[in-house]
>>> print(open('start10.cif').read())   # mmCIF, C-alpha atoms
data_structure
#
loop_
_atom_site.label_atom_id
_atom_site.label_comp_id
_atom_site.auth_asym_id
_atom_site.auth_seq_id
_atom_site.Cartn_x
_atom_site.Cartn_y
_atom_site.Cartn_z
CA MET W 1 18.46 -25.63 -12.79
CA ASP W 2 18.80 -22.18 -14.34
CA LEU W 3 15.53 -20.45 -15.21
CA GLU W 4 17.03 -17.34 -16.81
CA SER W 5 16.18 -16.22 -20.32
CA SER W 6 16.45 -12.92 -22.19
CA ARG W 7 12.87 -12.33 -21.07
CA THR W 8 13.41 -13.03 -17.36
CA LYS W 9 16.76 -11.29 -17.04
CA LEU W 10 16.55 -8.24 -14.75
CA ASP W 11 17.45 -4.98 -16.47
CA ARG W 12 17.23 -2.95 -13.29
CA TYR W 13 18.95 -3.85 -10.02
CA PRO W 14 20.33 -7.13 -11.47
CA ALA W 15 21.89 -7.85 -8.04
CA ARG W 16 18.38 -8.39 -6.70
CA GLY W 17 17.66 -11.08 -9.27
CA LYS W 18 17.92 -14.83 -8.79
CA HIS W 19 17.28 -17.52 -11.35
CA ASP W 20 17.96 -20.74 -9.49
CA PHE W 21 15.12 -23.16 -8.99
CA ALA W 22 15.53 -23.47 -5.20
CA THR W 23 15.04 -19.73 -4.63
CA VAL W 24 12.04 -19.63 -6.96
CA ALA W 25 10.49 -22.72 -5.35
CA ALA W 26 10.89 -21.39 -1.79
CA ILE W 27 8.98 -18.19 -2.64
CA LEU W 28 6.27 -20.14 -4.46
CA ASP W 29 5.89 -22.45 -1.46
CA GLU W 30 5.48 -19.62 1.06
CA GLY W 31 2.80 -17.90 -1.02
CA PHE W 32 -0.50 -19.39 -2.16
CA PHE W 33 -2.15 -16.62 -4.20
CA CYS W 34 -0.73 -15.60 -7.55
CA HIS W 35 -1.53 -12.93 -10.11
CA VAL W 36 -2.03 -14.43 -13.57
CA GLY W 37 -1.53 -12.20 -16.60
CA PHE W 38 -2.94 -13.02 -20.03
CA VAL W 39 -3.81 -11.08 -23.16
CA GLN W 40 -7.20 -10.74 -24.81
CA ASN W 41 -7.61 -8.60 -27.92
CA GLY W 42 -4.32 -6.89 -27.12
CA GLN W 43 -5.50 -5.93 -23.62
CA PRO W 44 -3.64 -7.42 -20.66
CA PHE W 45 -5.69 -8.80 -17.77
CA VAL W 46 -4.29 -9.66 -14.33
CA ILE W 47 -6.38 -11.94 -12.12
CA PRO W 48 -5.65 -13.31 -8.63
CA THR W 49 -6.13 -17.00 -7.94
CA GLY W 50 -4.82 -19.86 -5.83
CA TYR W 51 -2.12 -22.26 -6.92
CA GLY W 52 -0.04 -25.24 -5.84
CA ARG W 53 3.40 -26.51 -6.82
CA LYS W 54 4.47 -30.10 -7.42
CA ASN W 55 8.14 -30.34 -8.40
CA THR W 56 8.49 -28.23 -11.53
CA VAL W 57 4.77 -27.96 -12.26
CA LEU W 58 2.57 -25.08 -11.11
CA TYR W 59 -1.15 -25.90 -10.93
CA ILE W 60 -3.38 -22.82 -11.15
CA HIS W 61 -6.97 -22.96 -9.95
CA GLY W 62 -9.57 -21.82 -12.43
CA SER W 63 -12.51 -20.74 -10.32
CA ALA W 64 -11.51 -17.12 -10.36
CA ALA W 65 -11.05 -16.59 -14.05
CA SER W 66 -13.32 -18.13 -16.60
CA ARG W 67 -12.15 -15.57 -19.13
CA MET W 68 -8.52 -16.42 -18.51
CA LEU W 69 -9.17 -20.13 -18.77
CA THR W 70 -11.16 -20.01 -21.98
CA GLU W 71 -8.24 -18.24 -23.54
CA ALA W 72 -5.38 -19.98 -21.84
CA ALA W 73 -6.57 -23.51 -22.29
CA GLY W 74 -5.91 -23.06 -25.98
CA GLY W 75 -2.23 -22.56 -25.18
CA ILE W 76 -2.08 -18.82 -24.67
CA ALA W 77 1.02 -17.23 -23.14
CA LEU W 78 0.73 -16.53 -19.42
CA CYS W 79 2.75 -14.72 -16.81
CA VAL W 80 2.30 -15.87 -13.22
CA THR W 81 3.63 -13.58 -10.50
CA VAL W 82 3.78 -14.34 -6.77
CA THR W 83 4.75 -11.56 -4.36
CA LEU W 84 5.48 -11.71 -0.64
CA VAL W 85 5.68 -8.29 0.99
CA ASP W 86 8.07 -8.39 3.94
CA GLY W 87 8.18 -4.75 4.97
CA LEU W 88 8.60 -1.11 4.13
CA VAL W 89 11.98 0.58 3.77
CA LEU W 90 11.94 4.10 5.21
CA ALA W 91 15.07 5.87 4.03
CA ARG W 92 16.14 9.40 4.96
CA ALA W 93 15.43 10.36 1.34
CA ALA W 94 12.18 9.54 -0.47
CA PHE W 95 14.32 8.54 -3.46
CA HIS W 96 15.85 5.64 -1.51
CA SER W 97 12.68 4.53 0.22
CA SER W 98 11.49 1.15 -0.95
CA VAL W 99 9.66 -2.05 -0.12
CA ASN W 100 11.25 -5.27 1.12
CA TYR W 101 9.70 -8.07 -0.87
CA ARG W 102 10.33 -11.38 -2.56
CA SER W 103 8.64 -12.06 -5.89
CA VAL W 104 8.67 -14.69 -8.59
CA LEU W 105 7.71 -14.18 -12.21
CA ILE W 106 7.08 -17.24 -14.40
CA LEU W 107 6.53 -17.10 -18.16
CA GLY W 108 5.09 -19.93 -20.17
CA GLN W 109 2.32 -21.58 -22.10
CA ALA W 110 -0.35 -22.97 -19.83
CA GLU W 111 -2.35 -26.02 -20.69
CA ARG W 112 -5.58 -27.37 -19.30
CA VAL W 113 -5.05 -30.30 -16.91
CA PRO W 114 -6.51 -33.46 -18.49
CA ALA W 115 -9.33 -35.34 -16.73
CA HIS W 116 -7.13 -38.14 -15.38
CA GLU W 117 -4.74 -35.63 -13.72
CA LYS W 118 -7.37 -33.26 -12.31
CA LEU W 119 -7.79 -34.89 -8.90
CA LEU W 120 -4.03 -34.85 -8.32
CA ALA W 121 -3.92 -31.21 -9.41
CA LEU W 122 -6.68 -30.21 -6.98
CA LYS W 123 -5.05 -32.15 -4.14
CA THR W 124 -1.76 -30.40 -4.92
CA ILE W 125 -3.43 -26.99 -4.70
CA SER W 126 -5.28 -27.94 -1.49
CA ASP W 127 -2.13 -29.37 0.15
CA HIS W 128 -0.27 -26.20 -0.85
CA ILE W 129 -2.84 -23.78 0.60
CA VAL W 130 -3.95 -25.75 3.71
CA PRO W 131 -1.71 -28.77 4.38
CA GLY W 132 -3.66 -31.60 6.00
CA ARG W 133 -7.09 -30.38 4.91
CA TRP W 134 -7.70 -32.62 1.88
CA GLU W 135 -7.98 -35.91 3.79
CA THR W 136 -10.64 -34.50 6.15
CA GLN W 137 -13.00 -33.35 3.41
CA ARG W 138 -15.93 -35.07 1.77
CA PRO W 139 -14.54 -36.82 -1.36
CA VAL W 140 -14.75 -34.96 -4.66
CA LYS W 141 -17.67 -36.04 -6.88
CA PRO W 142 -17.13 -36.81 -10.58
CA GLU W 143 -19.46 -33.96 -11.60
CA GLU W 144 -17.52 -31.48 -9.45
CA LEU W 145 -14.30 -32.60 -11.10
CA GLU W 146 -15.86 -31.99 -14.48
CA LEU W 147 -16.99 -28.48 -13.49
CA THR W 148 -13.52 -27.50 -12.28
CA THR W 149 -10.83 -26.21 -14.58
CA VAL W 150 -7.19 -26.34 -13.59
CA LEU W 151 -4.24 -25.08 -15.61
CA LYS W 152 -0.69 -26.33 -15.45
CA LEU W 153 2.48 -24.49 -16.27
CA GLU W 154 6.01 -25.90 -16.34
CA ILE W 155 8.43 -23.77 -14.32
CA VAL W 156 11.23 -23.46 -16.87
CA GLU W 157 11.49 -19.71 -17.55
CA ALA W 158 11.36 -17.64 -14.39
CA SER W 159 13.06 -15.11 -12.16
CA ALA W 160 12.98 -14.24 -8.50
CA LYS W 161 13.51 -10.76 -7.19
CA ILE W 162 14.45 -10.07 -3.59
CA ARG W 163 14.91 -6.77 -1.75
CA THR W 164 15.93 -7.17 1.86
CA GLY W 165 17.71 -5.25 4.60
CA PRO W 166 17.93 -1.63 5.77
CA PRO W 167 17.65 1.52 3.67
CA ILE W 168 20.72 2.52 1.69
CA ASP W 169 20.94 6.31 1.87
CA ASP W 170 23.36 8.74 0.28
CA GLU W 171 26.46 8.89 2.49
CA GLU W 172 26.00 12.56 3.47
CA ASP W 173 22.37 11.96 4.53
CA TYR W 174 23.39 9.66 7.39
CA ALA W 175 24.32 12.83 9.33
CA LEU W 176 20.71 14.07 9.23
CA PRO W 177 18.54 13.75 12.37
CA ILE W 178 15.87 11.77 10.49
CA TRP W 179 14.50 8.44 11.70
CA ALA W 180 15.12 5.67 9.18
CA GLY W 181 14.77 1.93 9.20
CA THR W 182 12.33 -0.73 8.12
CA LEU W 183 8.79 -1.58 9.11
CA ASP W 184 8.86 -5.37 9.21
CA PHE W 185 5.57 -7.15 8.57
CA SER W 186 4.95 -10.29 10.56
CA ALA W 187 3.44 -13.30 8.82
CA PRO W 188 -0.33 -12.83 9.12
CA ALA W 189 -1.95 -14.67 12.02
CA ALA W 190 -4.88 -16.88 11.00
CA THR W 191 -7.74 -17.22 13.47
CA PRO W 192 -10.13 -20.17 13.00
CA ASN W 193 -13.74 -19.01 12.82
CA ALA W 194 -15.97 -22.09 13.04
CA ASP W 195 -19.01 -22.37 10.79
CA LYS W 196 -22.29 -21.89 12.71
CA ARG W 197 -23.67 -25.16 11.36
CA LEU W 198 -20.94 -27.53 12.61
CA GLN W 199 -22.17 -30.84 13.99
CA PRO W 200 -21.92 -31.11 17.80
CA GLY W 201 -18.59 -32.43 19.07
CA VAL W 202 -16.58 -31.53 15.96
CA VAL W 203 -13.26 -30.11 17.17
CA THR W 204 -11.01 -27.64 15.39
CA PRO W 205 -8.33 -29.64 13.55
CA ALA W 206 -4.63 -28.89 13.82
CA HIS W 207 -4.48 -27.68 10.20
CA ALA W 208 -6.82 -24.81 11.16
CA LEU W 209 -5.68 -24.25 14.75
CA ARG W 210 -1.99 -24.03 13.95
CA TYR W 211 -2.13 -22.64 10.43
CA ARG W 212 0.86 -20.64 9.39
CA ARG W 213 2.89 -20.13 6.28
CA VAL W 214 6.63 -20.60 6.56
CA LYS W 215 8.30 -17.23 7.05
CA GLY W 216 11.58 -17.44 5.16
CA MET B 1 -19.67 6.77 -10.77
CA ASP B 2 -20.10 3.46 -12.59
CA LEU B 3 -16.86 1.83 -13.72
CA GLU B 4 -18.40 -1.16 -15.50
CA SER B 5 -17.67 -1.99 -19.13
CA SER B 6 -18.01 -5.12 -21.24
CA ARG B 7 -14.38 -5.79 -20.30
CA THR B 8 -14.79 -5.39 -16.54
CA LYS B 9 -18.15 -7.16 -16.24
CA LEU B 10 -17.86 -10.37 -14.22
CA ASP B 11 -18.83 -13.48 -16.18
CA ARG B 12 -18.52 -15.75 -13.19
CA TYR B 13 -20.10 -15.13 -9.78
CA PRO B 14 -21.52 -11.74 -10.90
CA ALA B 15 -22.95 -11.30 -7.38
CA ARG B 16 -19.39 -10.87 -6.12
CA GLY B 17 -18.75 -7.98 -8.50
CA LYS B 18 -19.00 -4.28 -7.70
CA HIS B 19 -18.46 -1.41 -10.06
CA ASP B 20 -19.06 1.67 -7.91
CA PHE B 21 -16.19 4.04 -7.33
CA ALA B 22 -16.47 4.04 -3.52
CA THR B 23 -15.97 0.27 -3.27
CA VAL B 24 -13.05 0.36 -5.71
CA ALA B 25 -11.44 3.32 -3.91
CA ALA B 26 -11.72 1.70 -0.46
CA ILE B 27 -9.86 -1.41 -1.63
CA LEU B 28 -7.20 0.68 -3.38
CA ASP B 29 -6.72 2.75 -0.21
CA GLU B 30 -6.21 -0.27 2.04
CA GLY B 31 -3.61 -1.81 -0.28
CA PHE B 32 -0.36 -0.23 -1.40
CA PHE B 33 1.21 -2.83 -3.70
CA CYS B 34 -0.33 -3.58 -7.07
CA HIS B 35 0.38 -6.03 -9.87
CA VAL B 36 0.76 -4.27 -13.21
CA GLY B 37 0.14 -6.25 -16.39
CA PHE B 38 1.43 -5.16 -19.77
CA VAL B 39 2.18 -6.83 -23.09
CA GLN B 40 5.50 -7.01 -24.87
CA ASN B 41 5.81 -8.91 -28.16
CA GLY B 42 2.55 -10.68 -27.39
CA GLN B 43 3.84 -11.93 -24.03
CA PRO B 44 2.09 -10.69 -20.88
CA PHE B 45 4.25 -9.52 -17.97
CA VAL B 46 2.98 -8.97 -14.43
CA ILE B 47 5.15 -6.85 -12.13
CA PRO B 48 4.56 -5.77 -8.53
CA THR B 49 5.07 -2.15 -7.56
CA GLY B 50 3.83 0.55 -5.16
CA TYR B 51 1.08 3.03 -5.97
CA GLY B 52 -0.94 5.89 -4.58
CA ARG B 53 -4.42 7.23 -5.32
CA LYS B 54 -5.51 10.86 -5.58
CA ASN B 55 -9.21 11.16 -6.40
CA THR B 56 -9.69 9.30 -9.70
CA VAL B 57 -5.98 9.10 -10.57
CA LEU B 58 -3.75 6.15 -9.76
CA TYR B 59 -0.03 6.94 -9.64
CA ILE B 60 2.20 3.90 -10.18
CA HIS B 61 5.82 3.96 -9.11
CA GLY B 62 8.31 3.02 -11.78
CA SER B 63 11.31 1.76 -9.90
CA ALA B 64 10.30 -1.87 -10.20
CA ALA B 65 9.74 -2.07 -13.90
CA SER B 66 11.91 -0.30 -16.37
CA ARG B 67 10.64 -2.64 -19.07
CA MET B 68 7.04 -1.85 -18.25
CA LEU B 69 7.68 1.87 -18.25
CA THR B 70 9.55 1.99 -21.52
CA GLU B 71 6.55 0.35 -23.10
CA ALA B 72 3.76 1.94 -21.15
CA ALA B 73 4.93 5.51 -21.36
CA GLY B 74 4.12 5.37 -25.05
CA GLY B 75 0.49 4.78 -24.15
CA ILE B 76 0.37 1.02 -23.92
CA ALA B 77 -2.64 -0.70 -22.41
CA LEU B 78 -2.21 -1.70 -18.77
CA CYS B 79 -4.13 -3.73 -16.25
CA VAL B 80 -3.55 -2.87 -12.60
CA THR B 81 -4.79 -5.37 -10.01
CA VAL B 82 -4.80 -4.92 -6.23
CA THR B 83 -5.69 -7.87 -4.02
CA LEU B 84 -6.29 -8.02 -0.27
CA VAL B 85 -6.43 -11.57 1.08
CA ASP B 86 -8.71 -11.69 4.12
CA GLY B 87 -8.79 -15.40 4.85
CA LEU B 88 -9.25 -18.97 3.74
CA VAL B 89 -12.63 -20.63 3.37
CA LEU B 90 -12.55 -24.25 4.52
CA ALA B 91 -15.73 -25.94 3.32
CA ARG B 92 -16.77 -29.53 4.00
CA ALA B 93 -16.19 -30.19 0.29
CA ALA B 94 -13.03 -29.23 -1.58
CA PHE B 95 -15.27 -27.99 -4.38
CA HIS B 96 -16.72 -25.26 -2.16
CA SER B 97 -13.47 -24.28 -0.46
CA SER B 98 -12.33 -20.83 -1.40
CA VAL B 99 -10.45 -17.70 -0.37
CA ASN B 100 -11.99 -14.58 1.19
CA TYR B 101 -10.52 -11.63 -0.64
CA ARG B 102 -11.19 -8.20 -2.05
CA SER B 103 -9.63 -7.27 -5.36
CA VAL B 104 -9.75 -4.42 -7.85
CA LEU B 105 -8.92 -4.63 -11.53
CA ILE B 106 -8.38 -1.41 -13.48
CA LEU B 107 -7.96 -1.25 -17.26
CA GLY B 108 -6.60 1.74 -19.08
CA GLN B 109 -3.90 3.54 -20.98
CA ALA B 110 -1.15 4.75 -18.70
CA GLU B 111 0.82 7.87 -19.40
CA ARG B 112 4.10 9.13 -18.03
CA VAL B 113 3.67 11.83 -15.37
CA PRO B 114 5.08 15.11 -16.76
CA ALA B 115 7.95 16.84 -14.96
CA HIS B 116 5.80 19.53 -13.30
CA GLU B 117 3.48 16.89 -11.76
CA LYS B 118 6.14 14.42 -10.65
CA LEU B 119 6.71 15.77 -7.14
CA LEU B 120 2.97 15.67 -6.43
CA ALA B 121 2.81 12.14 -7.81
CA LEU B 122 5.66 10.96 -5.56
CA LYS B 123 4.13 12.65 -2.52
CA THR B 124 0.81 10.97 -3.31
CA ILE B 125 2.49 7.55 -3.43
CA SER B 126 4.45 8.26 -0.22
CA ASP B 127 1.36 9.53 1.63
CA HIS B 128 -0.52 6.45 0.46
CA ILE B 129 2.09 3.93 1.62
CA VAL B 130 3.32 5.64 4.83
CA PRO B 131 1.11 8.60 5.80
CA GLY B 132 3.11 11.29 7.59
CA ARG B 133 6.49 10.17 6.27
CA TRP B 134 7.01 12.65 3.42
CA GLU B 135 7.36 15.78 5.57
CA THR B 136 10.09 14.17 7.70
CA GLN B 137 12.36 13.25 4.81
CA ARG B 138 15.23 15.10 3.20
CA PRO B 139 13.72 17.09 0.26
CA VAL B 140 13.82 15.50 -3.17
CA LYS B 141 16.66 16.75 -5.39
CA PRO B 142 15.98 17.81 -9.00
CA GLU B 143 18.27 15.07 -10.35
CA GLU B 144 16.40 12.43 -8.31
CA LEU B 145 13.12 13.65 -9.74
CA GLU B 146 14.57 13.33 -13.22
CA LEU B 147 15.71 9.75 -12.56
CA THR B 148 12.29 8.67 -11.31
CA THR B 149 9.51 7.58 -13.61
CA VAL B 150 5.91 7.63 -12.47
CA LEU B 151 2.91 6.53 -14.48
CA LYS B 152 -0.64 7.76 -14.09
CA LEU B 153 -3.85 5.98 -14.93
CA GLU B 154 -7.39 7.38 -14.77
CA ILE B 155 -9.72 5.08 -12.85
CA VAL B 156 -12.61 4.97 -15.30
CA GLU B 157 -12.89 1.29 -16.26
CA ALA B 158 -12.65 -1.04 -13.29
CA SER B 159 -14.27 -3.73 -11.22
CA ALA B 160 -14.05 -4.88 -7.63
CA LYS B 161 -14.55 -8.47 -6.59
CA ILE B 162 -15.35 -9.43 -3.02
CA ARG B 163 -15.74 -12.87 -1.44
CA THR B 164 -16.62 -12.77 2.22
CA GLY B 165 -18.30 -14.88 4.89
CA PRO B 166 -18.50 -18.58 5.77
CA PRO B 167 -18.30 -21.56 3.41
CA ILE B 168 -21.46 -22.41 1.46
CA ASP B 169 -21.67 -26.21 1.34
CA ASP B 170 -24.15 -28.52 -0.34
CA GLU B 171 -27.17 -28.82 1.98
CA GLU B 172 -26.67 -32.56 2.64
CA ASP B 173 -23.02 -32.05 3.59
CA TYR B 174 -23.90 -29.99 6.68
CA ALA B 175 -24.78 -33.30 8.38
CA LEU B 176 -21.19 -34.53 8.05
CA PRO B 177 -18.91 -34.46 11.12
CA ILE B 178 -16.29 -32.33 9.31
CA TRP B 179 -14.88 -29.11 10.73
CA ALA B 180 -15.59 -26.15 8.47
CA GLY B 181 -15.23 -22.41 8.78
CA THR B 182 -12.84 -19.68 7.82
CA LEU B 183 -9.25 -18.90 8.73
CA ASP B 184 -9.32 -15.13 9.14
CA PHE B 185 -6.04 -13.29 8.53
CA SER B 186 -5.34 -10.33 10.74
CA ALA B 187 -3.91 -7.19 9.19
CA PRO B 188 -0.11 -7.67 9.31
CA ALA B 189 1.61 -6.08 12.29
CA ALA B 190 4.50 -3.78 11.35
CA THR B 191 7.45 -3.65 13.73
CA PRO B 192 9.83 -0.68 13.41
CA ASN B 193 13.42 -1.80 13.00
CA ALA B 194 15.67 1.26 13.39
CA ASP B 195 18.62 1.71 11.06
CA LYS B 196 21.98 1.07 12.79
CA ARG B 197 23.31 4.43 11.67
CA LEU B 198 20.63 6.70 13.21
CA GLN B 199 21.90 9.90 14.82
CA PRO B 200 21.80 9.85 18.64
CA GLY B 201 18.54 11.06 20.13
CA VAL B 202 16.40 10.42 17.04
CA VAL B 203 13.13 8.89 18.25
CA THR B 204 10.80 6.59 16.36
CA PRO B 205 8.06 8.73 14.79
CA ALA B 206 4.35 7.94 15.14
CA HIS B 207 4.07 7.04 11.43
CA ALA B 208 6.45 4.12 12.08
CA LEU B 209 5.43 3.28 15.64
CA ARG B 210 1.71 3.11 14.98
CA TYR B 211 1.72 2.02 11.36
CA ARG B 212 -1.30 0.11 10.27
CA ARG B 213 -3.45 -0.17 7.21
CA VAL B 214 -7.16 0.26 7.64
CA LYS B 215 -8.83 -3.14 7.91
CA GLY B 216 -12.18 -2.83 6.15
#
>>> encode(input="start10.cif", output="structure tokens")
Amino acid sequence: MDLESSRTKLDRYPARGKHDFATVAAILDEGFFCHVGFVQNGQPFVIPTGYGRKNTVLYIHGSAASRMLTEAAGGIALCVTVTLVDGLVLARAAFHSSVNYRSVLILGQAERVPAHEKLLALKTISDHIVPGRWETQRPVKPEELELTTVLKLEIVEASAKIRTGPPIDDEEDYALPIWAGTLDFSAPAATPNADKRLQPGVVTPAHALRYRRVKG
Amino acid sequence: MDLESSRTKLDRYPARGKHDFATVAAILDEGFFCHVGFVQNGQPFVIPTGYGRKNTVLYIHGSAASRMLTEAAGGIALCVTVTLVDGLVLARAAFHSSVNYRSVLILGQAERVPAHEKLLALKTISDHIVPGRWETQRPVKPEELELTTVLKLEIVEASAKIRTGPPIDDEEDYALPIWAGTLDFSAPAATPNADKRLQPGVVTPAHALRYRRVKG
């Protein structure tokens, strides 16, 4: 599936751009926090929030952005961007220094998830952020479902951008006695920090003890 | 300095909002990658790029977003958002599960950094992302400076949003035998990965060997 359009084509560094669904999906699946852009009175706003993917649908959680949701539920244009920062690129020249990262940009019209689909949408987001957690939790109450807003966006117009590998310096600069290379970030380690009010005998579940996001 | 406006006031969870410059600056200083939102033909775009702060000025590097810069240099409205994800909040109820994070949202009109200020702007970004690196690099050439676009934005209208601490469940749910707590992310460890074409005898400098971002 090709997600390229005139709006998601890369003008700069086109070699870093990808528009196939598999590449886009892999980046979306490693991340869990997106930056959602929307327009209000001509002013752009960019708000971070959690999300989950199910096939070609992106579910975006609404808790963070009442303003966004009031607008977007009416069918306002959104841009959803997910960025994974893999490292810093320290070239011999400042001009060639960079950041190694993988990002996805999705354009589209978001719609509010209807009542009958909301539980599935929330489970999708939960399974995406902490796999295995949903089944262990107290079931969602109808009034909680009503209070929660979730948006959905079809992934049909998107691009991925990937910068990887060592610095690329000007040929003559390789003779300089300057250290160059990358600073590679490890995937963040997650340490479970139990709530002080746990019931006695409750053990830390595997989804918390061995939490990690896939490092591509 | 108070950065609140009707546009940066928090409608939801106002207790999580901060509008003092010190809080905003501390979050900006710990991060180094922002998401820049701008509007083109009514469509919002959100693009990740590096930045640096000097007092009340945010310098935004242009390499990532030629489209953004073409638009924004004319004085187009931007939103710059920086998000630090500190952990996941696993409540007994899905409804109260959340993410611990600190984010800053800045609104404003960006302008293109004039030629005489560009070197300072690039040094500010470099010092912000890898302190100590700039002085070790091959000096910037005039033609490189010309090819680089940097935007500047005054930090006058902004908000910070902070979610921290354990889950807050419904009182009756604390009696349930469900594990709850937070998954705290450590600051990412950065491993220096030397370029294969280093000159013999070049040692790894402290700015690469002991790189870390301040964890607030």
>>> residues_around(input="start10.cif", residues="Ala180 in chain B", least_positions_apart="5", cutoff="8 Å", atoms="all atoms listed in the file", output="short mmCIF file (atom, residue, chain, number, x, y, z; two decimals) with C-alpha atoms, in the coordinates of the input")
data_model
loop_
_atom_site.label_atom_id
_atom_site.label_comp_id
_atom_site.auth_asym_id
_atom_site.auth_seq_id
_atom_site.Cartn_x
_atom_site.Cartn_y
_atom_site.Cartn_z
CA ALA W 194 -15.97 -22.09 13.04
CA ASP W 195 -19.01 -22.37 10.79
CA LEU W 198 -20.94 -27.53 12.61
CA LEU B 90 -12.55 -24.25 4.52
CA ALA B 91 -15.73 -25.94 3.32
CA ARG B 92 -16.77 -29.53 4.00
CA PRO B 167 -18.30 -21.56 3.41
#
>>> interface_residues(input="start10.cif", of="chain W", to="chain B", cutoff="7 Å", atoms="all atoms listed in the file", output="NGL selection string")
:W and (12 or 37-39 or 43-46 or 66 or 77-79 or 81 or 92-95 or 136-138 or 140 or 144 or 166 or 174-175 or 177-195 or 197-199 or 202-204 or 208)
>>> resolve_selection(input="start10.cif", expression="the PyMOL selection byres ((chain B and resi 150) around 10)", output="PyMOL selection string")
chain B and resi 51+59-63+69+73+110-115+117-119+121-122+125+145+148-149+151-152
>>> atom_distance(input="start10.cif", atom1="CA of Ala158 in chain B", atom2="CA of Asp127 in chain B")
23.0 Å
>>> atom_distance(input="start10.cif", atom1="CA of Pro14 in chain W", atom2="CA of Asp2 in chain W")
15.4 Å
>>> resolve_selection(input="start10.cif", expression="the PyMOL selection byres ((chain W and resi 27) around 9)", output="list in words")
Ala22, Thr23, Val24, Ala25, Ala26, Leu28, Asp29, Glu30, Gly31, Val82, Thr83, Leu84, Arg102, Ser103, Val104, Ala160 and Gly216 of chain W
>>> write_last_selection(input="start10.cif", atoms="C-alpha atoms", output="PDB file, keeping the file's coordinate frame")
ATOM      1  CA  ALA W  22      15.530 -23.470  -5.200  1.00  0.00           C
ATOM      2  CA  THR W  23      15.040 -19.730  -4.630  1.00  0.00           C
ATOM      3  CA  VAL W  24      12.040 -19.630  -6.960  1.00  0.00           C
ATOM      4  CA  ALA W  25      10.490 -22.720  -5.350  1.00  0.00           C
ATOM      5  CA  ALA W  26      10.890 -21.390  -1.790  1.00  0.00           C
ATOM      6  CA  LEU W  28       6.270 -20.140  -4.460  1.00  0.00           C
ATOM      7  CA  ASP W  29       5.890 -22.450  -1.460  1.00  0.00           C
ATOM      8  CA  GLU W  30       5.480 -19.620   1.060  1.00  0.00           C
ATOM      9  CA  GLY W  31       2.800 -17.900  -1.020  1.00  0.00           C
ATOM     10  CA  VAL W  82       3.780 -14.340  -6.770  1.00  0.00           C
ATOM     11  CA  THR W  83       4.750 -11.560  -4.360  1.00  0.00           C
ATOM     12  CA  LEU W  84       5.480 -11.710  -0.640  1.00  0.00           C
ATOM     13  CA  ARG W 102      10.330 -11.380  -2.560  1.00  0.00           C
ATOM     14  CA  SER W 103       8.640 -12.060  -5.890  1.00  0.00           C
ATOM     15  CA  VAL W 104       8.670 -14.690  -8.590  1.00  0.00           C
ATOM     16  CA  ALA W 160      12.980 -14.240  -8.500  1.00  0.00           C
ATOM     17  CA  GLY W 216      11.580 -17.440   5.160  1.00  0.00           C
TER      18      GLY W 216
END
>>> atom_distance(input="start10.cif", atom1="CA of Ser5 in chain W", atom2="CA of His128 in chain W")
27.4 Å
>>> decode(input="start10.cif", residues="range 204-214 of chain W", atoms="N, CA and C atoms", output="PDB file, in the first residue's frame")
ATOM      1  N   THR W 204       4.048  -8.147  41.147  1.00  0.00           N
ATOM      2  CA  THR W 204       4.239  -7.334  39.937  1.00  0.00           C
ATOM      3  C   THR W 204       4.029  -8.206  38.710  1.00  0.00           C
ATOM      4  N   PRO W 205       3.108  -7.855  37.826  1.00  0.00           N
ATOM      5  CA  PRO W 205       2.848  -8.705  36.656  1.00  0.00           C
ATOM      6  C   PRO W 205       3.942  -8.565  35.596  1.00  0.00           C
ATOM      7  N   ALA W 206       3.999  -9.558  34.733  1.00  0.00           N
ATOM      8  CA  ALA W 206       5.024  -9.579  33.682  1.00  0.00           C
ATOM      9  C   ALA W 206       4.947  -8.342  32.793  1.00  0.00           C
ATOM     10  N   HIS W 207       3.734  -7.829  32.551  1.00  0.00           N
ATOM     11  CA  HIS W 207       3.629  -6.675  31.635  1.00  0.00           C
ATOM     12  C   HIS W 207       4.288  -5.427  32.224  1.00  0.00           C
ATOM     13  N   ALA W 208       4.471  -5.398  33.553  1.00  0.00           N
ATOM     14  CA  ALA W 208       5.187  -4.273  34.181  1.00  0.00           C
ATOM     15  C   ALA W 208       6.654  -4.618  34.399  1.00  0.00           C
ATOM     16  N   LEU W 209       6.906  -5.859  34.793  1.00  0.00           N
ATOM     17  CA  LEU W 209       8.264  -6.294  35.136  1.00  0.00           C
ATOM     18  C   LEU W 209       9.166  -6.343  33.897  1.00  0.00           C
ATOM     19  N   ARG W 210       8.596  -6.778  32.802  1.00  0.00           N
ATOM     20  CA  ARG W 210       9.422  -6.946  31.595  1.00  0.00           C
ATOM     21  C   ARG W 210       8.977  -6.011  30.487  1.00  0.00           C
ATOM     22  N   TYR W 211       8.563  -4.805  30.875  1.00  0.00           N
ATOM     23  CA  TYR W 211       8.092  -3.861  29.863  1.00  0.00           C
ATOM     24  C   TYR W 211       9.245  -3.391  28.994  1.00  0.00           C
ATOM     25  N   ARG W 212       9.074  -3.493  27.718  1.00  0.00           N
ATOM     26  CA  ARG W 212       9.996  -2.812  26.812  1.00  0.00           C
ATOM     27  C   ARG W 212       9.339  -2.635  25.457  1.00  0.00           C
ATOM     28  N   ARG W 213       9.712  -1.573  24.799  1.00  0.00           N
ATOM     29  CA  ARG W 213       9.220  -1.367  23.441  1.00  0.00           C
ATOM     30  C   ARG W 213      10.229  -2.005  22.496  1.00  0.00           C
ATOM     31  N   VAL W 214       9.732  -2.541  21.408  1.00  0.00           N
ATOM     32  CA  VAL W 214      10.607  -3.165  20.419  1.00  0.00           C
ATOM     33  C   VAL W 214      11.576  -2.120  19.898  1.00  0.00           C
TER      34      VAL W 214
END
